[in-house]
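Chemist: Mind looking over this structure? Questions follow.
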Amino acid sequence: MKKNRFGGRALIALCFLFLYLPILLLIFFSFNAGGSSAVWRGFSLRWYGELFHNRLVIESVATTLLVSLLATAIATVAGTFAAVGIYSLSKKWRDPILVVNDLPMMNADIVTGVALCLFFVAFFRGWGGIARWLNSWQSLIDFPERLTLGLGTLLIAHVSFNLPYVILNVAPRLRQMDSNLVDAAQDLGCTWIQAFFKVILPEIKPGIVSGALIAFTMSVDDFVISYFTAGSSTQTLAMTIYGMTKKRVTPVVNAVSTLMFLAVMIVLIINNVRSAKQAKIAAKRASMEPVRENPRVVKFREWMATPRGKLTRRVTAAALCAAFLVTVVFLTAFTTSRPVVNVCSWGEYIDESLIDEFEAETGIRVNYQTTDSNETLYSLLELGGADYDVIVPSDYMISQLIEEGRLEELDYSQIPNFELIDPRFRNLPYDPENKYTVPYTWGTVGIIYNAAMVDEEITSWSALYDDKYAGQVLLINNSRDAFGIALKYLGYSMNTTDPNEIREAYELVADANRRGVFQGKVMDEVFQTMEGGNAAFATYYAGDYLSMLENNEDLRFVIPEEGSNWFVDAMCVLKDAPNYDNAMKWINFIASTDANLRNMDTIWYASPNTKALELYPSWYEEQYGEELDPDIYAIMAAPQEVLDRCEMYICLPRNIRKLYNDLWIDLGI
Amino acid sequence: MRTKRGLFAVPYVIWLALFVVIPIVIMLVYSLTVEVETATGTELAGSVENFTGMSLYMGVFGRSFWLALVATLICLLIGYPVAYLMSREGPGFQRVAMALIMLPMWMNFLLRTYSWMAILENNGLLNQLFQKIGVIALYNRLTGSDVEYFQMIRTPGAVVLGMVYNYLPFMILPIYTVLTKLDHRLIEAAQDLGANSSTVFRRVILPLSVSGIVSGVTMVFVPSVSTFAISRLLGGGTQMMLGDLIENQFLGGAYNPHLGAAIAMVMMVIVVICMLVMNHFGDGEGEAVML
């Protein structure tokens, strides 16, 4: 028997090792001196220090806790009442309600998320009319005409998926309860409300507590439903992490997760020790041995039972609730009363100290959000999931947005710094009269390869389709770029609208795919993969190459002789932006030479500001006391003769976009 | 008096109608319409095009259900013995083990999955370990091949691993709960009647834990079949699943909520049918055996 048990324990231990291995790794790397989650650079507490300056992470942790706590509180109270209500109904009514109650649990999260998202969007579309009508006959409350996904919808969604858990935990307790108890209480003169509080509630308390705990855990851990219902002006920690997994998860997230993990672990340990003690006491009591309890505890317990003690307990509980509510109200009021500007950009695409500086200078709060691609941004706008003022899309997306009438013309009299923009980057095809945009960055796409794994100099896109490098090539996970490059290699225009040419490009990629040339399709995951030397080739942006180079010196960048894509990302303002004037101030601030220099230094993308572009090498020398490698500068800001080889994307017509998508899905299978 | 307390259920019924039933109806409406281009812009028109055109995605459907099935089976094969062994330990051990199983949920699942990437990469921890202890050299000698690493990430296996890793606790917990509530007198009775331990397990313990298995299988299979983050991180874009497809229609490159709603609808129907069949095998009690 003993031997048997040992084998069993070994199996359980193995299972736990499997569960905890990645977690230990995460905790380990939170103490990494370097910025990578894969390469160890020595011990440091750097990321725990940086945690307090990383606004994105702190705000998303706060949002997560706020939403989870509120949703749990609401769901626990409402769910308890609902469970009591449902169980006093006749079977005829109870069963169908329980079936509907189970639906969100049976359904995949993604279905619940999508359904709620569509529901909110449909509701918001209809809301404008209702609000106008409500405002027309009463002036007491001013109903906003435009609603967007955000904290409110997130909270509703969380309450919605928490409720079934509470009900399902309370229900068994109700079923076990002797219903005669309630009748007895009422016979003895209780009102039914009293019976509820004095008889039912104490009986089902354990169910309520475990329901609340599960609801809270689910809320904190949820990603999918939040992702579809929070829009992108509100981010939970899970959403922030999802955004980062695409690029690079900063160890700050490891640090904050480690802290949360340890906090919960301590709570669990205390809880375990306490219940172990209680079990011991119970065992002693059962064996009739006198239990020696701490006299202070006994006294305290006695005092708690007195009317005065009860009153104190209630007052304390009420005070805690009130404090919680006041904090919530205060926080919401604090964040909404200041003038704001809502900015949406890409991940790791700004020197964050600029945000603080702008806030200090103008008193305008910057609500800085990120999305991961032009397409995601477009989807969010289309779904009404976003309430941005300033967005930073790329060229082809800008022309699509202009075409659809989604952008507001800029008031250039409020943006004197526009004069500093190089004429090369004004009046570009996406905005020929330059009425809507102020360029933010520009750059090129090229091949990134690992010189330690490739023994020739790469000059052509052909390497990406070459059997020689089977299993070593990362295909860019974006139909436009992947087919665009193939088109360029075949000698066609990247903007062709000829379906035959596009199909030919597709065949080239699909054929290479069949031969097993591609290791995978990546977007921002390229950072980790290339830095770790896990693939030899990737296609990506010059600026990102330079930040990879900091972590792996073997990497090289080349713009192939066939030519490539060059792009401009520009700041625009959405139609009916709620904070138009603040948006102008932000754009002007970011267009300044100083801001451009600092951005260039942080993100390694070239600036469109003439002076900043010119000054950067000397500015770099001043900052770091060493000369900027001219080759690096040439990669960052490609010289004009390279740009002449490159093409800028223009917006494709709808049917061609559909063709791209269909071919892309074909490739994925 | 009962009826008075029944009033407590009214707000919840309204809530259910508003936030559970109506959203699904709206999703159905979305899935049955398409955007049609007209002279003045786009217009909505009723159509079943979304469903008929879905044959394009048969491969994705097949892969999703297949990988989810494999992951669920592996979870069951690991989860049942672990739950069984745990339920036979002392109360102290059980408490600690339970806490240890719940605890990982407090570290975001995306982060944990991301951590697996570092382990499984071609140059990752596992391959480095294999190199150090000579597994790769041994493999090369045995098969006469010349590999420097095992390709683990960006394979279907990696996606299954991610699913098993993330959802294993959801298999262990319900089975464990059922097993701890098992009436030990039944086992004793069986033994008294001459059953040996394997017969006891087969004829008494296993049938009595079916409800836990059903609930565990549901809780692993449903999130597995619809995942999109795991397949993206560990499958490296090569293992497109239903979740990816749906996400892509809503917040990704191929913006088309109508098609997305249709795919979600089909997935929902298939999953519900699977679950109904499963519940038929269980004792039909709908109580969640979670904790």
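If you're wondering about the labels, chains in the structure tokens are A, B, ... by order shown, residues count from 1 in each chain, ligands from 1 in order shown.
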I want to know what sits within 12 Å of range 62-66 of chain B, based on only C-alpha atoms, with residues of the same chain fewer than 2 positions away left out; could you give that as a PyMOL selection string?

Modeler: (chain A and resi 668-669) or (chain B and resi 55-60+68-73+156-157+159-160+163+221-228+230-231+238-245+267+270-271+274)

Chemist: Please extract the residues of range 274-439 of chain A with a backbone DSSP assignment of alpha helix (DSSP H) and present them as a ChimeraX atom specification.

Modeler: /A:274-286,295-305,307-337,353-362,374-383,395-403

Chemist: How would the residues just chosen look if you wrote them out with C-alpha atoms as a short mmCIF file (atom, residue, chain, number, x, y, z; two decimals), in the first residue's frame?

Modeler:
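out25.cif, freshly written:
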data_model
loop_
_atom_site.label_atom_id
_atom_site.label_comp_id
_atom_site.auth_asym_id
_atom_site.auth_seq_id
_atom_site.Cartn_x
_atom_site.Cartn_y
_atom_site.Cartn_z
CA ARG A 274 -6.46 28.40 9.15
CA SER A 275 -8.69 25.64 7.87
CA ALA A 276 -6.12 23.04 8.91
CA LYS A 277 -6.22 24.52 12.41
CA GLN A 278 -10.00 24.51 12.41
CA ALA A 279 -10.02 20.89 11.32
CA LYS A 280 -7.69 20.08 14.22
CA ILE A 281 -9.90 21.93 16.67
CA ALA A 282 -12.94 20.13 15.34
CA ALA A 283 -11.16 16.81 15.67
CA LYS A 284 -10.19 17.63 19.24
CA ARG A 285 -13.71 18.66 20.06
CA ALA A 286 -14.99 15.41 18.63
CA PRO A 295 -8.35 33.59 25.62
CA ARG A 296 -8.18 36.82 23.64
CA VAL A 297 -9.85 35.16 20.67
CA VAL A 298 -12.54 33.76 22.94
CA LYS A 299 -13.11 37.15 24.51
CA PHE A 300 -13.27 38.79 21.11
CA ARG A 301 -15.75 36.26 19.89
CA GLU A 302 -17.92 36.79 22.95
CA TRP A 303 -17.81 40.53 22.46
CA MET A 304 -18.78 40.12 18.80
CA ALA A 305 -21.91 38.29 19.90
CA PRO A 307 -25.56 43.63 20.48
CA ARG A 308 -22.85 46.25 20.61
CA GLY A 309 -20.42 43.98 18.83
CA LYS A 310 -22.98 43.24 16.16
CA LEU A 311 -23.60 46.93 15.65
CA THR A 312 -19.88 47.60 15.34
CA ARG A 313 -19.59 44.80 12.84
CA ARG A 314 -22.40 46.18 10.71
CA VAL A 315 -21.06 49.72 10.91
CA THR A 316 -17.62 48.52 9.83
CA ALA A 317 -19.06 46.59 6.93
CA ALA A 318 -21.16 49.56 5.85
CA ALA A 319 -18.17 51.88 6.16
CA LEU A 320 -16.06 49.57 4.01
CA CYS A 321 -18.76 49.41 1.34
CA ALA A 322 -19.15 53.18 1.40
CA ALA A 323 -15.39 53.65 1.15
CA PHE A 324 -15.29 51.34 -1.84
CA LEU A 325 -18.12 53.19 -3.57
CA VAL A 326 -16.60 56.59 -2.84
CA THR A 327 -13.27 55.45 -4.29
CA VAL A 328 -14.95 54.21 -7.42
CA VAL A 329 -16.98 57.38 -7.87
CA PHE A 330 -13.99 59.54 -7.11
CA LEU A 331 -11.77 57.70 -9.56
CA THR A 332 -14.32 57.90 -12.34
CA ALA A 333 -14.97 61.57 -11.66
CA PHE A 334 -11.27 62.28 -11.51
CA THR A 335 -10.54 60.61 -14.80
CA THR A 336 -13.46 62.13 -16.66
CA SER A 337 -13.43 65.72 -15.39
CA SER A 353 7.91 60.38 -21.47
CA LEU A 354 6.45 62.57 -24.22
CA ILE A 355 2.96 61.75 -22.94
CA ASP A 356 3.82 62.90 -19.41
CA GLU A 357 5.46 66.01 -20.76
CA PHE A 358 2.42 66.92 -22.87
CA GLU A 359 0.15 66.40 -19.88
CA ALA A 360 2.30 68.57 -17.65
CA GLU A 361 2.51 71.29 -20.27
CA THR A 362 -1.16 71.51 -21.25
CA ASN A 374 -4.49 48.93 -39.69
CA GLU A 375 -7.10 46.24 -40.25
CA THR A 376 -7.87 45.91 -36.55
CA LEU A 377 -8.17 49.66 -36.27
CA TYR A 378 -10.55 49.70 -39.19
CA SER A 379 -12.66 46.92 -37.69
CA LEU A 380 -12.88 48.78 -34.40
CA LEU A 381 -14.00 51.96 -36.11
CA GLU A 382 -16.51 50.06 -38.19
CA LEU A 383 -17.94 48.30 -35.15
CA ASP A 395 -0.96 55.42 -46.05
CA TYR A 396 -3.33 52.98 -47.78
CA MET A 397 -5.67 52.88 -44.80
CA ILE A 398 -5.74 56.67 -44.72
CA SER A 399 -6.91 56.84 -48.30
CA GLN A 400 -9.62 54.28 -47.54
CA LEU A 401 -10.75 56.26 -44.50
CA ILE A 402 -10.80 59.50 -46.48
CA GLU A 403 -12.76 57.83 -49.26
#

Chemist: In Å, how far is it from CA of Lys611 in chain A to CA of Leu410 in chain A?

Modeler: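 So the two atoms, CA of Lys611 in chain A and CA of Leu410 in chain A, lie 22.7 Å apart.
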
Chemist: In Å, rounded to a single decimal, give me how far CA of Thr38 in chain B is from CA of Phe51 in chain B.

Modeler: 22.2 Å

Chemist: Rounded to one decimal place, report the CA of Met177 in chain A-CA of Gly85 in chain A distance in Å.

Modeler: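 Those two atoms sit 14.4 Å apart.
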
Chemist: Could you check the closest approach to chain A for each of B:Ala229, B:Leu129, B:Leu259, B:Leu32 and tell me which residue wins, using only C-alpha atoms?

Modeler: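 Closest candidate: B:Ala229.
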